[in-house]
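Colleague: What follows is final00.cif, made up of mmCIF, C-alpha atoms:
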```cif
data_structure
loop_
_atom_site.label_atom_id
_atom_site.label_comp_id
_atom_site.auth_asym_id
_atom_site.auth_seq_id
_atom_site.Cartn_x
_atom_site.Cartn_y
_atom_site.Cartn_z
CA MET B 1 153.73 -28.04 73.53
CA GLU B 2 153.50 -24.27 73.80
CA GLY B 3 156.54 -22.91 75.57
CA ALA B 4 158.24 -26.33 75.60
CA SER B 5 161.54 -26.00 77.40
CA ASP B 6 164.32 -27.81 79.16
CA PRO B 7 163.80 -26.78 82.82
CA ALA B 8 167.34 -27.69 83.80
CA ALA B 9 168.99 -25.55 81.18
CA GLY B 10 166.32 -22.88 80.69
CA ARG B 11 166.32 -23.61 76.96
CA PRO B 12 163.59 -24.89 74.60
CA ASP B 13 163.35 -28.66 74.62
CA PRO B 14 164.67 -29.68 71.16
CA VAL B 15 162.56 -32.86 71.11
CA GLU B 16 159.32 -31.01 71.76
CA ALA B 17 160.36 -28.19 69.43
CA LEU B 18 160.83 -30.65 66.57
CA GLY B 19 157.50 -32.27 67.32
CA GLU B 20 155.82 -28.86 67.21
CA ARG B 21 157.55 -28.07 63.93
CA LEU B 22 156.22 -31.26 62.34
CA LEU B 23 152.74 -30.56 63.69
CA LEU B 24 152.76 -27.15 62.03
CA ASP B 25 154.12 -28.73 58.83
CA ALA B 26 151.17 -31.14 58.87
CA VAL B 27 148.73 -28.25 59.33
CA GLY B 28 150.32 -26.49 56.34
CA ALA B 29 150.28 -29.60 54.16
CA LEU B 30 146.60 -30.25 54.88
CA GLU B 31 145.84 -26.60 54.19
CA LEU B 32 147.47 -26.90 50.78
CA TYR B 33 145.34 -29.96 50.05
CA THR B 34 142.26 -27.82 50.70
CA VAL B 35 143.75 -25.10 48.47
CA TYR B 36 144.01 -27.77 45.77
CA LEU B 37 140.27 -28.42 46.12
CA GLY B 38 139.47 -24.71 45.98
CA GLU B 39 141.53 -24.25 42.83
CA ARG B 40 140.34 -27.37 41.04
CA LEU B 41 136.66 -26.84 41.83
CA GLY B 42 136.62 -23.13 41.03
CA LEU B 43 135.60 -22.21 44.58
CA TYR B 44 137.99 -19.27 44.84
CA ARG B 45 136.98 -17.90 41.48
CA ALA B 46 133.29 -18.13 42.40
CA LEU B 47 133.90 -16.33 45.70
CA ALA B 48 135.95 -13.62 44.00
CA GLU B 49 133.39 -13.02 41.26
CA GLY B 50 130.15 -13.52 43.18
CA GLY B 51 130.91 -12.06 46.57
CA ALA B 52 129.79 -13.33 49.98
CA THR B 53 127.71 -16.48 49.96
CA THR B 54 126.47 -19.36 52.06
CA SER B 55 127.56 -22.95 51.57
CA THR B 56 124.32 -23.57 49.67
CA GLY B 57 124.98 -20.60 47.41
CA LEU B 58 128.58 -21.56 46.68
CA ALA B 59 127.61 -25.15 45.96
CA ALA B 60 124.98 -23.93 43.50
CA ARG B 61 127.46 -21.59 41.81
CA THR B 62 130.07 -24.32 41.36
CA GLY B 63 128.00 -27.47 40.83
CA THR B 64 129.30 -29.10 44.01
CA ALA B 65 127.75 -30.84 47.02
CA GLU B 66 126.69 -28.48 49.82
CA ARG B 67 127.93 -30.62 52.71
CA TYR B 68 131.45 -30.89 51.26
CA VAL B 69 131.51 -27.18 50.45
CA ARG B 70 130.32 -26.30 53.96
CA GLU B 71 133.23 -28.18 55.54
CA TRP B 72 135.67 -26.53 53.16
CA LEU B 73 134.28 -23.09 53.97
CA GLU B 74 134.43 -23.74 57.70
CA HIS B 75 138.02 -24.95 57.45
CA HIS B 76 139.05 -21.92 55.40
CA ALA B 77 137.35 -19.52 57.80
CA ALA B 78 138.89 -21.24 60.84
CA SER B 79 142.29 -20.98 59.12
CA GLY B 80 141.88 -17.30 58.27
CA LEU B 81 141.77 -17.83 54.51
CA LEU B 82 138.15 -16.66 54.34
CA GLU B 83 136.03 -14.28 56.40
CA VAL B 84 132.62 -15.19 57.83
CA ASP B 85 129.98 -12.55 58.51
CA ASP B 86 128.44 -14.12 61.61
CA PRO B 87 130.19 -17.16 63.08
CA GLY B 88 127.23 -17.66 65.44
CA ALA B 89 124.73 -18.13 62.62
CA GLY B 90 123.46 -21.57 61.69
CA PRO B 91 125.69 -23.78 59.52
CA ARG B 92 123.72 -23.08 56.33
CA GLU B 93 123.08 -19.42 57.14
CA ARG B 94 126.68 -18.29 57.59
CA ALA B 95 127.93 -16.06 54.74
CA TYR B 96 131.56 -16.41 53.72
CA ARG B 97 133.68 -14.05 51.67
CA LEU B 98 137.16 -13.98 50.14
CA PRO B 99 139.01 -10.95 51.56
CA PRO B 100 140.15 -8.54 48.81
CA ALA B 101 143.80 -9.01 49.82
CA HIS B 102 143.47 -12.75 49.24
CA VAL B 103 142.06 -12.48 45.71
CA PRO B 104 145.42 -12.08 43.89
CA VAL B 105 146.94 -14.97 45.86
CA LEU B 106 144.08 -17.44 45.55
CA ALA B 107 141.80 -16.41 42.68
CA ASP B 108 143.75 -14.52 40.00
CA PRO B 109 146.16 -16.76 38.02
CA ASP B 110 147.31 -13.73 35.99
CA ASP B 111 148.72 -11.98 39.06
CA VAL B 112 152.41 -12.45 39.92
CA ARG B 113 151.35 -12.96 43.54
CA TYR B 114 149.15 -15.96 42.69
CA GLN B 115 149.96 -18.98 44.85
CA ALA B 116 147.00 -21.37 44.65
CA HIS B 117 149.03 -23.42 42.19
CA LYS B 118 151.04 -24.68 45.17
CA GLY B 119 148.14 -26.91 46.16
CA VAL B 120 148.14 -28.48 42.70
CA GLU B 121 151.92 -28.91 42.76
CA LEU B 122 151.92 -30.61 46.17
CA VAL B 123 149.09 -33.01 45.35
CA ARG B 124 150.72 -33.95 42.05
CA ALA B 125 154.08 -34.47 43.74
CA ALA B 126 152.47 -36.78 46.31
CA ARG B 127 150.95 -39.15 43.76
CA PRO B 128 154.14 -41.15 43.01
CA LEU B 129 155.50 -41.27 46.58
CA PRO B 130 154.87 -45.03 47.04
CA GLN B 131 156.78 -45.70 43.81
CA LEU B 132 159.49 -43.27 44.95
CA VAL B 133 160.03 -45.39 48.06
CA GLU B 134 160.88 -48.33 45.78
CA ALA B 135 163.01 -46.09 43.55
CA PHE B 136 165.11 -45.14 46.59
CA ARG B 137 165.80 -48.85 47.09
CA SER B 138 166.50 -49.71 43.46
CA GLY B 139 168.18 -46.50 42.28
CA ALA B 140 165.81 -46.39 39.30
CA ALA B 141 163.23 -43.74 38.45
CA PRO B 142 159.57 -43.95 39.44
CA PRO B 143 157.23 -44.23 36.43
CA PRO B 144 156.31 -40.89 34.84
CA LEU B 145 153.11 -39.26 36.00
CA ALA B 146 150.14 -39.19 33.67
CA TRP B 147 149.04 -35.73 32.55
CA GLU B 148 145.56 -36.16 34.01
CA PRO B 149 143.73 -35.56 36.23
CA GLU B 150 144.98 -32.02 36.77
CA GLY B 151 147.85 -31.59 34.33
CA ARG B 152 150.91 -29.68 35.45
CA ALA B 153 150.45 -26.59 37.56
CA GLU B 154 151.37 -23.54 35.48
CA PHE B 155 153.23 -21.99 38.39
CA ASN B 156 155.50 -19.85 36.20
CA ARG B 157 152.74 -18.51 33.97
CA PRO B 158 152.11 -15.15 35.73
CA LEU B 159 155.85 -14.56 36.04
CA PHE B 160 156.40 -15.09 32.33
CA VAL B 161 153.32 -13.13 31.27
CA ASN B 162 154.02 -10.14 33.50
CA LEU B 163 157.80 -10.02 33.91
CA LEU B 164 159.78 -11.94 31.28
CA GLY B 165 159.23 -9.63 28.33
CA GLU B 166 158.37 -6.50 30.29
CA ARG B 167 161.20 -6.43 32.84
CA TRP B 168 163.74 -9.25 32.68
CA LEU B 169 164.71 -9.41 29.01
CA PRO B 170 164.82 -5.59 28.61
CA ALA B 171 167.31 -5.59 31.50
CA ILE B 172 169.75 -7.75 29.49
CA PRO B 173 171.10 -5.28 26.90
CA ALA B 174 172.68 -7.81 24.52
CA ILE B 175 169.48 -9.83 24.26
CA ASP B 176 167.11 -6.86 24.22
CA ARG B 177 169.03 -5.24 21.34
CA ARG B 178 169.01 -8.40 19.25
CA LEU B 179 165.31 -9.06 19.82
CA ARG B 180 164.48 -5.54 18.62
CA ALA B 181 166.87 -5.52 15.66
CA GLU B 182 166.58 -6.48 11.99
CA PRO B 183 166.66 -9.03 10.52
CA ARG B 184 164.08 -10.46 12.86
CA ALA B 185 165.55 -12.63 15.58
CA ARG B 186 164.82 -16.31 15.99
CA VAL B 187 164.46 -17.72 19.50
CA ALA B 188 164.54 -21.35 20.59
CA ASP B 189 162.76 -22.00 23.90
CA VAL B 190 164.12 -25.35 25.10
CA ALA B 191 161.98 -27.36 27.54
CA CYS B 192 159.22 -24.81 26.96
CA GLY B 193 156.52 -26.61 28.94
CA THR B 194 153.05 -25.22 28.32
CA GLY B 195 154.51 -22.38 26.30
CA TRP B 196 154.04 -19.25 28.41
CA SER B 197 157.68 -18.19 28.18
CA SER B 198 157.54 -18.42 24.38
CA ILE B 199 154.25 -16.55 24.28
CA ALA B 200 155.53 -13.81 26.59
CA MET B 201 158.64 -13.25 24.46
CA ALA B 202 156.58 -13.03 21.28
CA ARG B 203 154.19 -10.53 22.84
CA ALA B 204 157.01 -8.30 24.10
CA TYR B 205 158.99 -8.38 20.84
CA PRO B 206 156.52 -8.29 17.93
CA ALA B 207 159.08 -9.05 15.22
CA ILE B 208 160.66 -12.23 16.60
CA LEU B 209 159.92 -15.83 15.73
CA VAL B 210 159.91 -18.37 18.57
CA ASP B 211 160.17 -22.15 18.39
CA GLY B 212 159.33 -24.00 21.59
CA PHE B 213 160.63 -27.52 22.12
CA ASP B 214 159.63 -30.13 24.67
CA LEU B 215 159.61 -33.92 24.73
CA ASP B 216 156.21 -34.16 26.45
CA ALA B 217 153.39 -34.39 23.91
CA ASP B 218 150.78 -33.32 26.46
CA VAL B 219 152.53 -30.06 27.34
CA ILE B 220 153.12 -29.27 23.68
CA ALA B 221 149.42 -29.77 22.97
CA ALA B 222 148.64 -27.37 25.83
CA ALA B 223 151.25 -24.90 24.56
CA ARG B 224 149.66 -24.85 21.10
CA ARG B 225 146.25 -24.15 22.62
CA ASN B 226 147.71 -21.38 24.76
CA ALA B 227 149.44 -19.75 21.78
CA ALA B 228 146.24 -19.85 19.74
CA GLU B 229 144.26 -18.24 22.56
CA ALA B 230 146.98 -15.60 22.97
CA GLY B 231 146.87 -14.78 19.25
CA VAL B 232 150.57 -15.47 18.56
CA SER B 233 150.41 -18.77 16.67
CA GLU B 234 151.73 -17.16 13.48
CA ARG B 235 155.05 -16.36 15.17
CA VAL B 236 155.26 -19.08 17.85
CA ALA B 237 155.51 -22.75 16.93
CA PHE B 238 155.71 -25.69 19.30
CA SER B 239 156.93 -29.20 18.58
CA VAL B 240 157.79 -32.45 20.31
CA THR B 241 161.43 -32.27 19.28
CA ASP B 242 164.79 -33.08 20.82
CA ALA B 243 166.87 -29.90 20.80
CA SER B 244 169.90 -31.92 19.70
CA ASP B 245 168.28 -32.50 16.28
CA PRO B 246 171.03 -31.63 13.74
CA GLY B 247 168.45 -29.85 11.61
CA LEU B 248 168.28 -27.07 14.21
CA ALA B 249 171.98 -26.22 14.08
CA GLY B 250 172.93 -22.58 13.51
CA ARG B 251 169.35 -21.29 13.30
CA TYR B 252 168.83 -19.23 16.46
CA ASP B 253 170.00 -15.91 17.83
CA VAL B 254 168.87 -16.69 21.38
CA VAL B 255 168.32 -20.06 23.05
CA THR B 256 166.49 -20.02 26.37
CA VAL B 257 166.29 -22.70 29.08
CA PHE B 258 164.00 -21.49 31.87
CA GLU B 259 163.98 -23.46 35.13
CA ALA B 260 164.58 -26.71 33.31
CA LEU B 261 168.31 -27.40 33.06
CA HIS B 262 168.48 -29.01 36.50
CA ASP B 263 165.68 -31.40 35.47
CA LEU B 264 167.54 -32.72 32.43
CA ALA B 265 169.36 -36.02 32.81
CA ARG B 266 172.30 -34.83 30.68
CA PRO B 267 172.74 -31.09 31.23
CA VAL B 268 176.09 -30.93 29.42
CA ASP B 269 174.57 -32.55 26.35
CA ALA B 270 171.65 -30.12 26.56
CA LEU B 271 174.00 -27.12 26.68
CA ARG B 272 176.08 -28.56 23.87
CA ALA B 273 172.90 -28.86 21.80
CA ALA B 274 171.96 -25.27 22.69
CA ARG B 275 175.40 -24.11 21.56
CA ALA B 276 174.97 -25.93 18.25
CA MET B 277 171.64 -24.19 17.70
CA LEU B 278 173.23 -20.73 17.87
CA ALA B 279 173.77 -18.56 14.84
CA SER B 280 176.86 -16.38 14.73
CA GLY B 281 176.84 -13.95 17.66
CA GLY B 282 174.07 -15.84 19.44
CA CYS B 283 173.74 -16.55 23.16
CA VAL B 284 172.11 -18.94 25.61
CA LEU B 285 170.00 -17.62 28.49
CA VAL B 286 169.52 -19.98 31.45
CA ALA B 287 167.35 -19.38 34.51
CA ASP B 288 167.60 -21.76 37.43
CA GLU B 289 167.21 -21.96 41.19
CA PRO B 290 168.95 -19.29 43.34
CA VAL B 291 171.04 -21.63 45.49
CA GLY B 292 174.37 -21.01 47.18
CA ASP B 293 177.75 -21.64 45.58
CA GLU B 294 178.53 -24.34 48.14
CA PHE B 295 176.63 -26.75 50.36
CA ALA B 296 175.87 -25.39 53.82
CA ALA B 297 173.74 -26.67 56.69
CA PRO B 298 171.48 -25.45 58.03
CA VAL B 299 170.57 -22.80 55.48
CA THR B 300 168.55 -19.66 56.11
CA SER B 301 167.41 -19.41 52.49
CA VAL B 302 163.80 -20.53 52.10
CA GLN B 303 164.41 -20.82 48.35
CA GLU B 304 167.24 -23.29 48.85
CA ARG B 305 165.18 -25.36 51.28
CA LEU B 306 162.35 -25.36 48.74
CA ALA B 307 164.74 -26.42 45.98
CA TYR B 308 166.04 -29.30 48.06
CA GLY B 309 162.50 -30.45 48.88
CA TRP B 310 161.51 -30.51 45.23
CA SER B 311 164.81 -32.16 44.38
CA VAL B 312 164.12 -35.11 46.69
CA VAL B 313 160.52 -35.77 45.66
CA SER B 314 160.50 -34.76 41.98
CA CYS B 315 163.50 -33.31 40.17
CA LEU B 316 166.13 -35.92 40.99
CA PRO B 317 163.77 -38.92 40.60
CA GLY B 318 162.72 -37.59 37.20
CA ALA B 319 166.31 -37.80 35.94
CA MET B 320 167.28 -41.15 37.40
CA GLY B 321 165.87 -43.31 34.61
CA ASP B 322 168.78 -42.51 32.27
CA PRO B 323 171.85 -44.72 32.94
CA ARG B 324 174.04 -41.78 31.88
CA SER B 325 172.21 -39.27 34.04
CA ALA B 326 174.22 -36.54 35.74
CA ALA B 327 171.68 -36.90 38.58
CA THR B 328 171.77 -33.17 39.24
CA GLY B 329 168.55 -32.54 41.16
CA ALA B 330 167.09 -29.09 41.68
CA VAL B 331 170.14 -27.72 43.52
CA LEU B 332 172.23 -26.69 40.51
CA ARG B 333 174.97 -24.53 42.02
CA PRO B 334 176.63 -21.78 39.93
CA PRO B 335 180.12 -23.41 39.90
CA VAL B 336 178.58 -26.65 38.64
CA LEU B 337 176.67 -24.83 35.91
CA ARG B 338 179.85 -22.97 34.94
CA ALA B 339 181.69 -26.29 34.59
CA HIS B 340 178.85 -27.77 32.53
CA ALA B 341 178.85 -24.73 30.23
CA ARG B 342 182.61 -24.87 29.73
CA GLU B 343 182.45 -28.57 28.90
CA ALA B 344 179.71 -27.82 26.37
CA GLY B 345 181.86 -25.20 24.65
CA LEU B 346 180.12 -22.17 26.17
CA THR B 347 183.13 -20.44 27.67
CA GLY B 348 181.46 -17.07 28.20
CA PHE B 349 179.66 -17.28 31.53
CA GLU B 350 177.96 -14.33 33.24
CA VAL B 351 175.69 -14.33 36.28
CA LEU B 352 173.26 -11.56 35.42
CA PRO B 353 172.47 -8.91 38.06
CA LEU B 354 168.71 -9.21 37.75
CA ASP B 355 166.69 -8.49 40.88
CA VAL B 356 164.72 -11.76 41.02
CA ASP B 357 164.11 -13.57 44.31
CA PHE B 358 163.28 -17.01 42.98
CA TRP B 359 165.64 -17.53 40.00
CA ARG B 360 169.18 -16.74 39.00
CA PHE B 361 169.86 -15.82 35.35
CA TYR B 362 173.00 -16.82 33.43
CA LEU B 363 174.17 -15.57 30.04
CA LEU B 364 176.29 -18.13 28.17
CA THR B 365 178.21 -17.55 24.96
CA PRO B 366 180.65 -19.61 22.84
#
```
Could you show the structure in this file as structure tokens?

Modeller:
Amino acid sequence: MEGASDPAAGRPDPVEALGERLLLDAVGALELYTVYLGERLGLYRALAEGGATTSTGLAARTGTAERYVREWLEHHAASGLLEVDDPGAGPRERAYRLPPAHVPVLADPDDVRYQAHKGVELVRAARPLPQLVEAFRSGAAPPPLAWEPEGRAEFNRPLFVNLLGERWLPAIPAIDRRLRAEPRARVADVACGTGWSSIAMARAYPAILVDGFDLDADVIAAARRNAAEAGVSERVAFSVTDASDPGLAGRYDVVTVFEALHDLARPVDALRAARAMLASGGCVLVADEPVGDEFAAPVTSVQERLAYGWSVVSCLPGAMGDPRSAATGAVLRPPVLRAHAREAGLTGFEVLPLDVDFWRFYLLTP
């Protein structure tokens, strides 16, 4: 397929080019499955902490079977993810190492460059695909995924821990001032997931109180554990609570919705609930996917292609079980969000000029 072309026209053959594209996609997908194994089994961490090792040594470090580990190591070396000292050595004598430049991407979940979570995300997204085929036919939603065996990938964790309170919120003057002011501010973190956004805000602003809300009991249990380990449980509380609970009205100075609004079946209702939660002078901060204002095809934006992919296999199906669903999907365009906000009574709408490649931030006010 290399150099496939149309001899008559002197141009690449589009049929062969598409076939080559799908072949490379398959190579990438299989590679991510092996990344899943490395992340789940602690293979990257063992390589990063223990240095070069043979397949026997890595298996002993991680409590795994040598023959499986050997194949994984060979694959990773052949793919350029690992280095091998002497490729000509015997299968059990070869020593493999994780290059220093690969450590933050594959072995350090605290680093903003960490990407091994993508293997976990892709495997988890693949589990319900047979049910999604039937959902396409019926228009219903596939059944929700169980938390186990791997739980949800905490793909936003390093971003929240390193950037939310240290860079992004300080760059929004109205929010930064309120979070530093007296009386202490109260923050509601809607659809908080495993709690890292709430924890990051509490760490950056030592006076504030944060309440995280999510409807998934498993993620709330994880969020509570994370807050306890981070030492912020006295100021951060998590609960399995619907944000539209009337008891929450008028209590919060800032309401946040980070990369979650597009997943909600009724985004207008969610924004209306967020508005009701605001105290006088409060605001709503939304972060969502950085997609274009209008549909275009093809697009050059990798982020928009990624958003559409997740929309098809996860985000849209997750919202289709509600008969009143807005069926938004992951591609929540700014004009649509503006219309949702206006309908919810949030007439102040500002796209914030934050330099973030993977999200767009919106400040909404009544």

Colleague: Tell me which residues the PyMOL selection byres ((chain B and resi 227) around 10) grabs here, as a PDB file with C-alpha atoms, in the frame of the given file.

Modeller:
```pdb
ATOM      1  CA  THR B 194     153.050 -25.220  28.320  1.00  0.00           C
ATOM      2  CA  GLY B 195     154.510 -22.380  26.300  1.00  0.00           C
ATOM      3  CA  TRP B 196     154.040 -19.250  28.410  1.00  0.00           C
ATOM      4  CA  SER B 198     157.540 -18.420  24.380  1.00  0.00           C
ATOM      5  CA  ILE B 199     154.250 -16.550  24.280  1.00  0.00           C
ATOM      6  CA  ALA B 200     155.530 -13.810  26.590  1.00  0.00           C
ATOM      7  CA  ALA B 202     156.580 -13.030  21.280  1.00  0.00           C
ATOM      8  CA  ALA B 222     148.640 -27.370  25.830  1.00  0.00           C
ATOM      9  CA  ALA B 223     151.250 -24.900  24.560  1.00  0.00           C
ATOM     10  CA  ARG B 224     149.660 -24.850  21.100  1.00  0.00           C
ATOM     11  CA  ARG B 225     146.250 -24.150  22.620  1.00  0.00           C
ATOM     12  CA  ASN B 226     147.710 -21.380  24.760  1.00  0.00           C
ATOM     13  CA  ALA B 228     146.240 -19.850  19.740  1.00  0.00           C
ATOM     14  CA  GLU B 229     144.260 -18.240  22.560  1.00  0.00           C
ATOM     15  CA  ALA B 230     146.980 -15.600  22.970  1.00  0.00           C
ATOM     16  CA  GLY B 231     146.870 -14.780  19.250  1.00  0.00           C
ATOM     17  CA  VAL B 232     150.570 -15.470  18.560  1.00  0.00           C
ATOM     18  CA  SER B 233     150.410 -18.770  16.670  1.00  0.00           C
ATOM     19  CA  GLU B 234     151.730 -17.160  13.480  1.00  0.00           C
ATOM     20  CA  ARG B 235     155.050 -16.360  15.170  1.00  0.00           C
ATOM     21  CA  VAL B 236     155.260 -19.080  17.850  1.00  0.00           C
ATOM     22  CA  ALA B 237     155.510 -22.750  16.930  1.00  0.00           C
ATOM     23  CA  PHE B 238     155.710 -25.690  19.300  1.00  0.00           C
TER      24      PHE B 238
END
```

Colleague: Please return the centre and edge lengths, in Å to one decimal, of a box with edges along x, y and z that contains all listed atoms of region 49-62 of chain B, widened by 4 Å on every side, as JSON.

Modeller:
```
{"center_x": 128.9, "center_y": -18.6, "center_z": 46.7, "size_x": 17.1, "size_y": 21.1, "size_z": 18.8}
```

Colleague: To one decimal place in Å, what is the distance between CA of Pro99 (chain B) and CA of Arg21 (chain B)?

Modeller: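 We find that CA of Pro99 (chain B) and CA of Arg21 (chain B) lie 28.1 Å from each other.
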
Colleague: Can you work out which one of B:Ala78, B:Ala326, B:Ala171, B:Cys283 has the shortest atom-to-atom distance to Asp355 (chain B), counting only C-alpha atoms?

Modeller: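 Looking at the shortest contact to Asp355 (chain B), the residue is B:Ala171.
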
Colleague: Quick one, how far is CA of Ala29 (chain B) from CA of Leu82 (chain B)?

Modeller: 17.7 Å

Colleague: Which is closest to Asp216 (chain B) among B:Thr241, B:Thr34, B:Ser311, B:Thr365, if we use only C-alpha atoms?

Modeller: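 Ranked by minimum distance to Asp216 (chain B), first place goes to B:Thr241.
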
Colleague: With only C-alpha atoms as the counted atoms, please give the residues lying no more than 6 Å from region 50-54 of chain B, apart from itself and same-chain residues fewer than 6 positions off, as a list in words.

Modeller: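 Final neighbour list, sorted by chain and number: Arg94, Ala95, Tyr96 and Arg97 of chain B.
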
Colleague: Include C-alpha atoms and write out the residues we just selected as a compact mmCIF listing (two decimals), in the frame of the given file.

Modeller:
```
# COMPACT_ATOMS: atom_id res chain seq x y z
CA ARG B 94 126.68 -18.29 57.59
CA ALA B 95 127.93 -16.06 54.74
CA TYR B 96 131.56 -16.41 53.72
CA ARG B 97 133.68 -14.05 51.67
```

Colleague: At a cut-off of 10 Å, using all atoms listed in the file, what residues contact Arg40 (chain B)? Leave out same-chain residues fewer than 3 positions from it and give the result as a PyMOL selection string.

Modeller: chain B and resi 34-37+43-44+116-117+119-120+150

Colleague: If you measure from CA of Ser325 (chain B) to CA of Leu264 (chain B), what distance in Å do you get, rounded to one decimal?

Modeller: 8.2 Å

Colleague: Which one is closest to Arg152 (chain B): B:Arg266, B:Arg251, B:Lys118, B:Arg45? Count only C-alpha atoms.

Modeller: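 Counting only C-alpha atoms, the residue closest to Arg152 (chain B) is B:Lys118.
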
Colleague: Which is closer to Gly292 (chain B) than all the others in B:Phe258, B:Arg275, B:Glu66, B:Arg360, using only C-alpha atoms?

Modeller: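 When distances to Gly292 (chain B) are compared using only C-alpha atoms, the smallest one comes from B:Arg360.
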
Colleague: Find the residues near Leu271 (chain B): any atom within 10 Å, counting all atoms listed in the file, skip ones fewer than 6 places away on the same chain, and give them as a PyMOL selection string.

Modeller: chain B and resi 243-244+255+257+261+277+284+286+337+340-346+364

Colleague: Determine the residue set returned by the PyMOL selection byres ((chain B and resi 306) around 12) for the present structure, and present it as a ChimeraX atom specification.

Modeller: /B:118,122,289-291,299-305,307-315,330-331,358

Colleague: Report the residues retrieved by the PyMOL selection byres ((chain B and resi 319) around 10) from the displayed file, expressed as a list in words.

Modeller: Ala140, Ala141, Pro142, His262, Asp263, Leu264, Ala265, Arg266, Ser314, Cys315, Leu316, Pro317, Gly318, Met320, Gly321, Asp322, Pro323, Arg324, Ser325, Ala326, Ala327, Thr328 and Gly329 of chain B

Colleague: Of the candidates B:Leu73, B:Leu32, B:Ala107, B:Arg11, which one gets nearest to Ala46 (chain B) if we count only C-alpha atoms?

Modeller: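 Nearest candidate to Ala46 (chain B) out of B:Leu73, B:Leu32, B:Ala107, B:Arg11: B:Ala107.
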
Colleague: Would you kindly return, as a PyMOL selection string, each protein, DNA or RNA residue with an atom no farther than 10 Å from any atom of Pro246 (chain B), considering all atoms listed in the file and excluding same-chain residues fewer than 4 positions away?

Modeller: chain B and resi 242+250+273+276-277

Colleague: Any idea what's packed within 7 Å of Gly165 (chain B), counting all atoms listed in the file, ignoring anything in its chain fewer than 3 positions away? Could you give it as a PyMOL selection string?

Modeller: chain B and resi 168-170+200-201+204

Colleague: Once N, CA and C atoms are restored for region 19-33 of chain B, what would the output be as a tab-separated table (two decimals), in the coordinates of the input?

Modeller:
```tsv
chain	number	residue	atom	x	y	z
B	19	GLY	N	158.86	-31.77	67.44
B	19	GLY	CA	157.50	-32.27	67.32
B	19	GLY	C	156.53	-31.17	66.95
B	20	GLU	N	156.70	-29.97	67.54
B	20	GLU	CA	155.82	-28.86	67.21
B	20	GLU	C	156.03	-28.42	65.76
B	21	ARG	N	157.28	-28.43	65.32
B	21	ARG	CA	157.55	-28.07	63.93
B	21	ARG	C	156.82	-29.00	62.98
B	22	LEU	N	156.88	-30.31	63.24
B	22	LEU	CA	156.22	-31.26	62.34
B	22	LEU	C	154.70	-31.13	62.41
B	23	LEU	N	154.17	-30.80	63.59
B	23	LEU	CA	152.74	-30.56	63.69
B	23	LEU	C	152.33	-29.40	62.80
B	24	LEU	N	153.08	-28.30	62.86
B	24	LEU	CA	152.76	-27.15	62.03
B	24	LEU	C	152.94	-27.47	60.54
B	25	ASP	N	153.95	-28.30	60.22
B	25	ASP	CA	154.12	-28.73	58.83
B	25	ASP	C	152.89	-29.51	58.37
B	26	ALA	N	152.35	-30.36	59.23
B	26	ALA	CA	151.17	-31.14	58.87
B	26	ALA	C	149.97	-30.23	58.65
B	27	VAL	N	149.82	-29.22	59.51
B	27	VAL	CA	148.73	-28.25	59.33
B	27	VAL	C	148.86	-27.56	57.97
B	28	GLY	N	150.10	-27.16	57.63
B	28	GLY	CA	150.32	-26.49	56.34
B	28	GLY	C	150.06	-27.40	55.16
B	29	ALA	N	150.50	-28.67	55.26
B	29	ALA	CA	150.28	-29.60	54.16
B	29	ALA	C	148.79	-29.83	53.94
B	30	LEU	N	148.04	-30.05	55.02
B	30	LEU	CA	146.60	-30.25	54.88
B	30	LEU	C	145.92	-29.01	54.32
B	31	GLU	N	146.41	-27.84	54.73
B	31	GLU	CA	145.84	-26.60	54.19
B	31	GLU	C	146.05	-26.52	52.68
B	32	LEU	N	147.22	-26.93	52.21
B	32	LEU	CA	147.47	-26.90	50.78
B	32	LEU	C	146.59	-27.91	50.04
B	33	TYR	N	146.27	-29.03	50.69
B	33	TYR	CA	145.34	-29.96	50.05
B	33	TYR	C	143.97	-29.30	49.87
```
